[in-house]
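Next comes query23.csv, a file with CSV, C-alpha atoms.
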chain,number,residue,atom,x,y,z
A,1,MET,CA,30.5,30.2,41.5
A,2,GLY,CA,28.9,29.6,38.1
A,3,GLU,CA,31.7,31.4,36.3
A,4,SER,CA,34.4,29.3,38.0
A,5,ALA,CA,32.7,26.1,36.9
A,6,ALA,CA,32.5,27.5,33.3
A,7,ASP,CA,36.2,28.5,33.5
A,8,SER,CA,37.1,25.1,34.8
A,9,SER,CA,35.2,23.5,32.0
A,10,SER,CA,36.9,25.6,29.3
A,11,GLN,CA,40.3,24.9,30.9
A,12,SER,CA,39.7,21.1,30.8
A,13,GLN,CA,38.5,21.3,27.2
A,14,SER,CA,41.6,23.2,26.2
A,15,PHE,CA,43.7,20.7,28.2
A,16,LEU,CA,42.1,17.8,26.4
A,17,LYS,CA,42.2,19.6,23.1
A,18,ARG,CA,45.9,20.4,23.5
A,19,HIS,CA,46.7,16.8,24.3
A,20,TRP,CA,44.6,15.5,21.4
A,21,GLU,CA,46.5,17.8,19.0
A,22,GLU,CA,49.8,16.6,20.3
A,23,TYR,CA,48.6,13.0,20.0
A,24,LYS,CA,47.5,13.6,16.4
A,25,GLU,CA,50.8,15.3,15.5
A,26,PHE,CA,52.8,12.5,17.1
A,27,TRP,CA,51.0,9.8,15.0
A,28,SER,CA,50.8,11.8,11.8
A,29,GLU,CA,54.6,12.1,11.9
A,30,ARG,CA,54.9,8.3,12.2
A,31,PHE,CA,52.4,7.6,9.5
A,32,SER,CA,53.4,10.4,7.1
A,33,ILE,CA,53.4,7.9,4.3
A,34,LEU,CA,49.6,8.1,4.3
A,35,ASP,CA,49.8,11.7,3.1
A,36,ASN,CA,50.4,10.3,-0.3
A,37,TYR,CA,46.9,8.9,-0.4
A,38,SER,CA,45.1,11.8,1.4
A,39,ARG,CA,44.2,13.6,-1.8
A,40,PHE,CA,42.5,10.4,-3.0
A,41,ILE,CA,40.8,9.5,0.3
A,42,LYS,CA,39.5,12.9,1.3
A,43,ARG,CA,37.7,13.8,-1.9
A,44,ASP,CA,34.6,15.8,-2.4
A,45,GLN,CA,33.6,13.5,-5.3
A,46,LEU,CA,34.5,9.9,-5.7
A,47,LEU,CA,36.4,8.7,-8.7
A,48,PRO,CA,34.4,6.5,-11.0
A,49,SER,CA,35.2,2.8,-10.8
A,50,TRP,CA,37.6,1.3,-13.2
A,51,SER,CA,37.9,-2.0,-14.9
A,52,SER,CA,40.9,-4.2,-15.7
A,53,SER,CA,40.9,-2.9,-19.3
A,54,ASP,CA,41.5,0.6,-17.8
A,55,VAL,CA,44.5,-0.8,-15.9
A,56,ASP,CA,45.8,-2.5,-19.0
A,57,GLU,CA,45.5,0.8,-20.8
A,58,PHE,CA,47.6,2.4,-18.0
A,59,VAL,CA,50.1,-0.4,-18.2
A,60,ALA,CA,50.5,0.3,-22.0
A,61,ALA,CA,50.7,4.1,-21.4
A,62,ASP,CA,53.3,4.1,-18.6
A,63,PRO,CA,56.3,1.8,-19.2
A,64,VAL,CA,57.8,2.6,-15.7
A,65,HIS,CA,54.9,2.3,-13.3
A,66,GLY,CA,52.6,0.1,-15.5
A,67,PRO,CA,54.4,-3.2,-14.9
A,68,THR,CA,54.7,-2.5,-11.2
A,69,LEU,CA,51.0,-1.9,-11.0
A,70,ARG,CA,50.3,-5.1,-12.8
A,71,THR,CA,52.5,-7.0,-10.4
A,72,ALA,CA,50.9,-5.3,-7.4
A,73,ARG,CA,47.4,-6.3,-8.7
A,74,GLU,CA,48.7,-9.9,-9.2
A,75,ALA,CA,49.9,-9.9,-5.6
A,76,ALA,CA,46.4,-9.0,-4.4
A,77,LYS,CA,45.2,-12.2,-6.1
A,78,TYR,CA,47.7,-14.2,-4.0
A,79,GLY,CA,46.4,-12.5,-0.9
A,80,ALA,CA,42.8,-13.3,-1.8
A,81,ALA,CA,43.7,-16.9,-2.4
A,82,GLY,CA,45.5,-17.1,0.9
A,83,SER,CA,42.5,-15.5,2.6
A,84,VAL,CA,40.1,-18.1,1.2
A,85,ILE,CA,42.4,-21.0,2.1
A,86,GLY,CA,43.0,-19.7,5.6
A,87,ALA,CA,39.4,-19.0,6.3
A,88,VAL,CA,38.1,-22.3,5.1
A,89,SER,CA,40.8,-24.4,6.7
A,90,THR,CA,40.7,-22.8,10.1
A,91,ALA,CA,36.9,-22.8,10.2
A,92,ALA,CA,36.9,-26.5,9.2
A,93,VAL,CA,39.3,-27.4,12.0
A,94,ALA,CA,37.4,-25.3,14.6
A,95,TRP,CA,34.1,-26.9,13.5
A,96,LYS,CA,35.6,-30.4,13.5
A,97,TYR,CA,36.9,-30.2,17.1
A,98,SER,CA,34.3,-27.9,18.8
A,99,ARG,CA,31.0,-28.0,16.8
A,100,SER,CA,30.6,-24.5,17.9
A,101,PRO,CA,29.1,-22.1,15.3
A,102,HIS,CA,30.4,-19.0,16.9
A,103,GLY,CA,33.9,-20.5,17.3
A,104,ALA,CA,33.8,-21.6,13.6
A,105,ALA,CA,32.7,-18.1,12.6
A,106,LEU,CA,35.5,-16.4,14.6
A,107,SER,CA,38.1,-18.8,13.3
A,108,PHE,CA,36.8,-18.2,9.8
A,109,GLY,CA,37.4,-14.4,10.2
A,110,ALA,CA,40.8,-14.9,11.9
A,111,GLY,CA,41.8,-17.4,9.3
A,112,ALA,CA,40.9,-15.0,6.5
A,113,VAL,CA,43.0,-12.3,8.0
A,114,PHE,CA,46.0,-14.6,8.6
A,115,GLY,CA,45.6,-16.2,5.2
A,116,TRP,CA,45.6,-12.8,3.5
A,117,THR,CA,48.8,-11.8,5.4
A,118,PHE,CA,50.6,-15.0,4.5
A,119,GLY,CA,49.4,-14.7,0.9
A,120,GLN,CA,50.7,-11.2,0.7
A,121,GLU,CA,54.1,-12.2,2.2
A,122,PHE,CA,54.3,-15.1,-0.2
A,123,ALA,CA,53.6,-12.7,-3.1
A,124,ASN,CA,56.1,-10.2,-1.8
A,125,HIS,CA,58.9,-12.8,-2.0
A,126,TRP,CA,57.7,-14.7,-5.0
A,127,LEU,CA,57.1,-11.6,-7.2
A,128,GLN,CA,59.9,-9.7,-5.5
A,129,LEU,CA,57.7,-6.7,-4.6
A,130,TYR,CA,60.3,-5.5,-2.1
A,131,ARG,CA,62.3,-4.3,-5.2
A,132,LEU,CA,59.4,-2.3,-6.6
A,133,ASP,CA,57.7,1.0,-5.4
A,134,THR,CA,54.1,-0.2,-5.6
A,135,MET,CA,52.7,2.8,-3.8
A,136,ALA,CA,54.2,5.2,-6.4
A,137,ALA,CA,52.7,3.0,-9.1
A,138,GLN,CA,49.3,3.1,-7.5
A,139,VAL,CA,49.4,6.9,-7.0
A,140,LYS,CA,50.5,7.4,-10.6
A,141,PHE,CA,47.6,5.2,-11.7
A,142,LEU,CA,45.1,7.2,-9.6
A,143,GLU,CA,46.5,10.5,-11.0
A,144,TRP,CA,46.2,9.1,-14.5
A,145,TRP,CA,42.7,7.8,-13.9
A,146,GLU,CA,41.7,11.2,-12.3
A,147,LYS,CA,42.8,13.0,-15.5
A,148,LYS,CA,41.2,10.4,-17.8
A,149,SER,CA,37.8,10.5,-15.9
A,150,ALA,CA,37.9,14.4,-15.9
A,151,GLY,CA,38.4,14.3,-19.7
A,152,ARG,CA,35.2,12.2,-20.0
A,153,ALA,CA,33.1,14.6,-18.1

Spit out the file's structure as structure tokens when you get a sec.
Amino acid sequence: MGESAADSSSQSQSFLKRHWEEYKEFWSERFSILDNYSRFIKRDQLLPSWSSSDVDEFVAADPVHGPTLRTAREAAKYGAAGSVIGAVSTAAVAWKYSRSPHGAALSFGAGAVFGWTFGQEFANHWLQLYRLDTMAAQVKFLEWWEKKSAGRA
């Protein structure tokens, strides 16, 4: 009887494992674009941090992807500004009408997320990011930075 319980346990594990693998395969096909970043995310050693002068050096070195990277970094500033505006304004309205600290804190967080989204959408249209391949520019920059930092070591 002990063996049948062990067999049942191994069958259920294989059943769950099989479905988990199918689930992972299903979603990895739909988010295959993330494979472009996997070599930068799943690293043994982290890349050293870079400054805006390093980005300016890349912009000067790569005439194709450099301006695209500069524009993408500018778009992040629009998102950050939208996040600040959204967070403060929604928290202020929540505080004005409810005087609830937890409600104001939750609306601050939600306003930051919504503001970032609206800021990014505004930047997407204002800076015409939909015409640019910003992911390729960021990957090229990371490859360039990886080579440059390896040369320093």

Closest of A:Ser51, A:Pro67, A:Phe58, A:Phe15 to Leu132 in chain A - atom-to-atom distances counting only C-alpha atoms: A:Pro67

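If you look at CA of Leu69 in chain A and CA of Ser52 in chain A, they are 11.4 Å away from each other.
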
Could you please determine the separation between CA of Phe141 in chain A and CA of Gly66 in chain A in Å, to one decimal place?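 Atom-to-atom, CA of Phe141 in chain A and CA of Gly66 in chain A are spaced 8.1 Å apart.
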
Compute the distance from (48.4, -5.5, -10.8) to each atom, counting all atoms listed in the file, keep the residues with any atom at most 12 Å away, and return them as an mmCIF file with C-alpha atoms, in the frame of the given file; use the coordinates of the file.
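Wrote it out as result34.cif, contents follow:
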data_model
loop_
_atom_site.group_PDB
_atom_site.id
_atom_site.type_symbol
_atom_site.label_atom_id
_atom_site.label_comp_id
_atom_site.auth_asym_id
_atom_site.auth_seq_id
_atom_site.Cartn_x
_atom_site.Cartn_y
_atom_site.Cartn_z
ATOM 1 C CA SER A 51 37.900 -2.000 -14.900
ATOM 2 C CA SER A 52 40.900 -4.200 -15.700
ATOM 3 C CA SER A 53 40.900 -2.900 -19.300
ATOM 4 C CA ASP A 54 41.500 0.600 -17.800
ATOM 5 C CA VAL A 55 44.500 -0.800 -15.900
ATOM 6 C CA ASP A 56 45.800 -2.500 -19.000
ATOM 7 C CA PHE A 58 47.600 2.400 -18.000
ATOM 8 C CA VAL A 59 50.100 -0.400 -18.200
ATOM 9 C CA HIS A 65 54.900 2.300 -13.300
ATOM 10 C CA GLY A 66 52.600 0.100 -15.500
ATOM 11 C CA PRO A 67 54.400 -3.200 -14.900
ATOM 12 C CA THR A 68 54.700 -2.500 -11.200
ATOM 13 C CA LEU A 69 51.000 -1.900 -11.000
ATOM 14 C CA ARG A 70 50.300 -5.100 -12.800
ATOM 15 C CA THR A 71 52.500 -7.000 -10.400
ATOM 16 C CA ALA A 72 50.900 -5.300 -7.400
ATOM 17 C CA ARG A 73 47.400 -6.300 -8.700
ATOM 18 C CA GLU A 74 48.700 -9.900 -9.200
ATOM 19 C CA ALA A 75 49.900 -9.900 -5.600
ATOM 20 C CA ALA A 76 46.400 -9.000 -4.400
ATOM 21 C CA LYS A 77 45.200 -12.200 -6.100
ATOM 22 C CA TYR A 78 47.700 -14.200 -4.000
ATOM 23 C CA ALA A 123 53.600 -12.700 -3.100
ATOM 24 C CA LEU A 127 57.100 -11.600 -7.200
ATOM 25 C CA LEU A 129 57.700 -6.700 -4.600
ATOM 26 C CA THR A 134 54.100 -0.200 -5.600
ATOM 27 C CA MET A 135 52.700 2.800 -3.800
ATOM 28 C CA ALA A 137 52.700 3.000 -9.100
ATOM 29 C CA GLN A 138 49.300 3.100 -7.500
ATOM 30 C CA PHE A 141 47.600 5.200 -11.700
#

Quick one: pull the distance between CA of Leu142 in chain A and CA of Val64 in chain A, Å, one decimal.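 Between CA of Leu142 in chain A and CA of Val64 in chain A the gap works out to 14.8 Å.
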
Mind checking which residues fall within 9 Å of range 29-38 of chain A, counting all atoms listed in the file, ignoring those fewer than 3 positions away in the same chain, and posting them as a list in words?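 Non-adjacent residues within range: Lys24, Glu25, Phe26, Ile41, Lys42, Arg43, Met135, Ala136 and Val139 of chain A.
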
Name the closest residue to Glu121 in chain A among the candidates A:Lys17, A:Ser107, A:Glu22, A:Gly79; distances are taken between atoms, counting only C-alpha atoms. A:Gly79

Using all atoms listed in the file, which of A:Phe122, A:Arg131, A:Ala91, A:Trp116 sits nearest Ala104 in chain A?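 Using all atoms listed in the file, Ala104 in chain A sits closest to A:Ala91.
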
Which of these, A:Gly151, A:Glu146, A:Gly103, A:Gly109, has the shortest distance to Pro48 in chain A once you count all atoms listed in the file?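 Nearest candidate to Pro48 in chain A out of A:Gly151, A:Glu146, A:Gly103, A:Gly109: A:Glu146.
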
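Ranking A:Leu106, A:Gln45, A:Pro63, A:Ala80 by their shortest atom-to-atom distance to Ala92 in chain A, with only C-alpha atoms included, puts A:Leu106 first.
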
Emit range 56-99 of chain A of the structure in the block as a file comprising N, CA and C atoms, as a PDB file, in the first residue's frame.
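Saved file result.pdb follows:
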ATOM      1  N   ASP A  56      25.829  59.425 -24.012  1.00  0.00           N
ATOM      2  CA  ASP A  56      26.210  60.405 -25.036  1.00  0.00           C
ATOM      3  C   ASP A  56      27.340  59.875 -25.908  1.00  0.00           C
ATOM      4  N   GLU A  57      28.257  59.133 -25.307  1.00  0.00           N
ATOM      5  CA  GLU A  57      29.347  58.530 -26.074  1.00  0.00           C
ATOM      6  C   GLU A  57      28.804  57.498 -27.057  1.00  0.00           C
ATOM      7  N   PHE A  58      27.818  56.709 -26.618  1.00  0.00           N
ATOM      8  CA  PHE A  58      27.185  55.739 -27.523  1.00  0.00           C
ATOM      9  C   PHE A  58      26.445  56.445 -28.643  1.00  0.00           C
ATOM     10  N   VAL A  59      25.765  57.533 -28.314  1.00  0.00           N
ATOM     11  CA  VAL A  59      25.030  58.293 -29.335  1.00  0.00           C
ATOM     12  C   VAL A  59      25.992  58.791 -30.409  1.00  0.00           C
ATOM     13  N   ALA A  60      27.175  59.254 -29.989  1.00  0.00           N
ATOM     14  CA  ALA A  60      28.170  59.719 -30.955  1.00  0.00           C
ATOM     15  C   ALA A  60      28.772  58.556 -31.741  1.00  0.00           C
ATOM     16  N   ALA A  61      28.890  57.388 -31.120  1.00  0.00           N
ATOM     17  CA  ALA A  61      29.522  56.248 -31.775  1.00  0.00           C
ATOM     18  C   ALA A  61      28.596  55.523 -32.744  1.00  0.00           C
ATOM     19  N   ASP A  62      27.303  55.516 -32.481  1.00  0.00           N
ATOM     20  CA  ASP A  62      26.357  54.769 -33.313  1.00  0.00           C
ATOM     21  C   ASP A  62      25.328  55.728 -33.906  1.00  0.00           C
ATOM     22  N   PRO A  63      25.510  56.115 -35.176  1.00  0.00           N
ATOM     23  CA  PRO A  63      24.584  57.090 -35.766  1.00  0.00           C
ATOM     24  C   PRO A  63      23.190  56.535 -36.043  1.00  0.00           C
ATOM     25  N   VAL A  64      23.033  55.220 -36.063  1.00  0.00           N
ATOM     26  CA  VAL A  64      21.720  54.628 -36.337  1.00  0.00           C
ATOM     27  C   VAL A  64      20.907  54.495 -35.060  1.00  0.00           C
ATOM     28  N   HIS A  65      21.479  53.817 -34.065  1.00  0.00           N
ATOM     29  CA  HIS A  65      20.735  53.542 -32.838  1.00  0.00           C
ATOM     30  C   HIS A  65      20.915  54.615 -31.770  1.00  0.00           C
ATOM     31  N   GLY A  66      21.920  55.457 -31.892  1.00  0.00           N
ATOM     32  CA  GLY A  66      22.180  56.487 -30.897  1.00  0.00           C
ATOM     33  C   GLY A  66      21.042  57.478 -30.727  1.00  0.00           C
ATOM     34  N   PRO A  67      20.588  58.110 -31.823  1.00  0.00           N
ATOM     35  CA  PRO A  67      19.466  59.050 -31.673  1.00  0.00           C
ATOM     36  C   PRO A  67      18.185  58.383 -31.165  1.00  0.00           C
ATOM     37  N   THR A  68      17.974  57.145 -31.548  1.00  0.00           N
ATOM     38  CA  THR A  68      16.795  56.422 -31.061  1.00  0.00           C
ATOM     39  C   THR A  68      16.886  56.207 -29.554  1.00  0.00           C
ATOM     40  N   LEU A  69      18.076  55.859 -29.080  1.00  0.00           N
ATOM     41  CA  LEU A  69      18.263  55.680 -27.638  1.00  0.00           C
ATOM     42  C   LEU A  69      18.065  56.994 -26.898  1.00  0.00           C
ATOM     43  N   ARG A  70      18.578  58.077 -27.444  1.00  0.00           N
ATOM     44  CA  ARG A  70      18.398  59.392 -26.815  1.00  0.00           C
ATOM     45  C   ARG A  70      16.904  59.728 -26.724  1.00  0.00           C
ATOM     46  N   THR A  71      16.168  59.463 -27.784  1.00  0.00           N
ATOM     47  CA  THR A  71      14.730  59.744 -27.787  1.00  0.00           C
ATOM     48  C   THR A  71      13.993  58.862 -26.781  1.00  0.00           C
ATOM     49  N   ALA A  72      14.385  57.606 -26.675  1.00  0.00           N
ATOM     50  CA  ALA A  72      13.748  56.701 -25.708  1.00  0.00           C
ATOM     51  C   ALA A  72      14.016  57.160 -24.279  1.00  0.00           C
ATOM     52  N   ARG A  73      15.229  57.644 -24.019  1.00  0.00           N
ATOM     53  CA  ARG A  73      15.541  58.148 -22.676  1.00  0.00           C
ATOM     54  C   ARG A  73      14.758  59.424 -22.384  1.00  0.00           C
ATOM     55  N   GLU A  74      14.542  60.237 -23.402  1.00  0.00           N
ATOM     56  CA  GLU A  74      13.730  61.441 -23.214  1.00  0.00           C
ATOM     57  C   GLU A  74      12.280  61.066 -22.916  1.00  0.00           C
ATOM     58  N   ALA A  75      11.794  60.019 -23.570  1.00  0.00           N
ATOM     59  CA  ALA A  75      10.428  59.555 -23.326  1.00  0.00           C
ATOM     60  C   ALA A  75      10.254  59.082 -21.886  1.00  0.00           C
ATOM     61  N   ALA A  76      11.298  58.514 -21.303  1.00  0.00           N
ATOM     62  CA  ALA A  76      11.217  58.082 -19.897  1.00  0.00           C
ATOM     63  C   ALA A  76      11.030  59.284 -18.982  1.00  0.00           C
ATOM     64  N   LYS A  77      11.581  60.427 -19.369  1.00  0.00           N
ATOM     65  CA  LYS A  77      11.382  61.645 -18.566  1.00  0.00           C
ATOM     66  C   LYS A  77       9.925  62.089 -18.611  1.00  0.00           C
ATOM     67  N   TYR A  78       9.282  61.940 -19.767  1.00  0.00           N
ATOM     68  CA  TYR A  78       7.853  62.249 -19.870  1.00  0.00           C
ATOM     69  C   TYR A  78       7.057  61.324 -18.940  1.00  0.00           C
ATOM     70  N   GLY A  79       7.432  60.044 -18.924  1.00  0.00           N
ATOM     71  CA  GLY A  79       6.747  59.092 -18.049  1.00  0.00           C
ATOM     72  C   GLY A  79       6.929  59.433 -16.587  1.00  0.00           C
ATOM     73  N   ALA A  80       8.138  59.822 -16.212  1.00  0.00           N
ATOM     74  CA  ALA A  80       8.392  60.181 -14.813  1.00  0.00           C
ATOM     75  C   ALA A  80       7.607  61.433 -14.416  1.00  0.00           C
ATOM     76  N   ALA A  81       7.559  62.413 -15.312  1.00  0.00           N
ATOM     77  CA  ALA A  81       6.783  63.624 -15.019  1.00  0.00           C
ATOM     78  C   ALA A  81       5.299  63.296 -14.892  1.00  0.00           C
ATOM     79  N   GLY A  82       4.802  62.451 -15.777  1.00  0.00           N
ATOM     80  CA  GLY A  82       3.407  62.030 -15.685  1.00  0.00           C
ATOM     81  C   GLY A  82       3.123  61.276 -14.412  1.00  0.00           C
ATOM     82  N   SER A  83       4.089  60.485 -13.970  1.00  0.00           N
ATOM     83  CA  SER A  83       3.932  59.730 -12.737  1.00  0.00           C
ATOM     84  C   SER A  83       3.825  60.649 -11.529  1.00  0.00           C
ATOM     85  N   VAL A  84       4.674  61.658 -11.484  1.00  0.00           N
ATOM     86  CA  VAL A  84       4.634  62.604 -10.360  1.00  0.00           C
ATOM     87  C   VAL A  84       3.310  63.373 -10.364  1.00  0.00           C
ATOM     88  N   ILE A  85       2.921  63.862 -11.526  1.00  0.00           N
ATOM     89  CA  ILE A  85       1.672  64.627 -11.628  1.00  0.00           C
ATOM     90  C   ILE A  85       0.477  63.756 -11.244  1.00  0.00           C
ATOM     91  N   GLY A  86       0.435  62.529 -11.777  1.00  0.00           N
ATOM     92  CA  GLY A  86      -0.674  61.626 -11.476  1.00  0.00           C
ATOM     93  C   GLY A  86      -0.737  61.252 -10.012  1.00  0.00           C
ATOM     94  N   ALA A  87       0.421  60.970  -9.413  1.00  0.00           N
ATOM     95  CA  ALA A  87       0.447  60.551  -8.015  1.00  0.00           C
ATOM     96  C   ALA A  87      -0.006  61.668  -7.092  1.00  0.00           C
ATOM     97  N   VAL A  88       0.545  62.844  -7.287  1.00  0.00           N
ATOM     98  CA  VAL A  88       0.221  63.964  -6.395  1.00  0.00           C
ATOM     99  C   VAL A  88      -1.232  64.397  -6.571  1.00  0.00           C
ATOM    100  N   SER A  89      -1.684  64.491  -7.808  1.00  0.00           N
ATOM    101  CA  SER A  89      -3.052  64.985  -8.021  1.00  0.00           C
ATOM    102  C   SER A  89      -4.106  64.010  -7.498  1.00  0.00           C
ATOM    103  N   THR A  90      -3.928  62.714  -7.747  1.00  0.00           N
ATOM    104  CA  THR A  90      -4.945  61.772  -7.251  1.00  0.00           C
ATOM    105  C   THR A  90      -4.899  61.635  -5.727  1.00  0.00           C
ATOM    106  N   ALA A  91      -3.700  61.676  -5.159  1.00  0.00           N
ATOM    107  CA  ALA A  91      -3.614  61.613  -3.696  1.00  0.00           C
ATOM    108  C   ALA A  91      -4.230  62.858  -3.067  1.00  0.00           C
ATOM    109  N   ALA A  92      -4.037  64.013  -3.688  1.00  0.00           N
ATOM    110  CA  ALA A  92      -4.616  65.253  -3.156  1.00  0.00           C
ATOM    111  C   ALA A  92      -6.139  65.204  -3.202  1.00  0.00           C
ATOM    112  N   VAL A  93      -6.680  64.718  -4.310  1.00  0.00           N
ATOM    113  CA  VAL A  93      -8.146  64.628  -4.415  1.00  0.00           C
ATOM    114  C   VAL A  93      -8.685  63.616  -3.402  1.00  0.00           C
ATOM    115  N   ALA A  94      -8.006  62.485  -3.270  1.00  0.00           N
ATOM    116  CA  ALA A  94      -8.460  61.481  -2.303  1.00  0.00           C
ATOM    117  C   ALA A  94      -8.392  62.026  -0.874  1.00  0.00           C
ATOM    118  N   TRP A  95      -7.336  62.749  -0.563  1.00  0.00           N
ATOM    119  CA  TRP A  95      -7.204  63.315   0.776  1.00  0.00           C
ATOM    120  C   TRP A  95      -8.255  64.390   1.023  1.00  0.00           C
ATOM    121  N   LYS A  96      -8.525  65.209   0.011  1.00  0.00           N
ATOM    122  CA  LYS A  96      -9.498  66.294   0.157  1.00  0.00           C
ATOM    123  C   LYS A  96     -10.888  65.754   0.475  1.00  0.00           C
ATOM    124  N   TYR A  97     -11.269  64.689  -0.212  1.00  0.00           N
ATOM    125  CA  TYR A  97     -12.639  64.206  -0.056  1.00  0.00           C
ATOM    126  C   TYR A  97     -12.804  63.100   0.978  1.00  0.00           C
ATOM    127  N   SER A  98     -11.742  62.431   1.382  1.00  0.00           N
ATOM    128  CA  SER A  98     -11.942  61.329   2.323  1.00  0.00           C
ATOM    129  C   SER A  98     -11.178  61.486   3.635  1.00  0.00           C
ATOM    130  N   ARG A  99     -10.098  62.235   3.649  1.00  0.00           N
ATOM    131  CA  ARG A  99      -9.242  62.381   4.831  1.00  0.00           C
ATOM    132  C   ARG A  99      -8.812  61.025   5.366  1.00  0.00           C
TER     133      ARG A  99
END
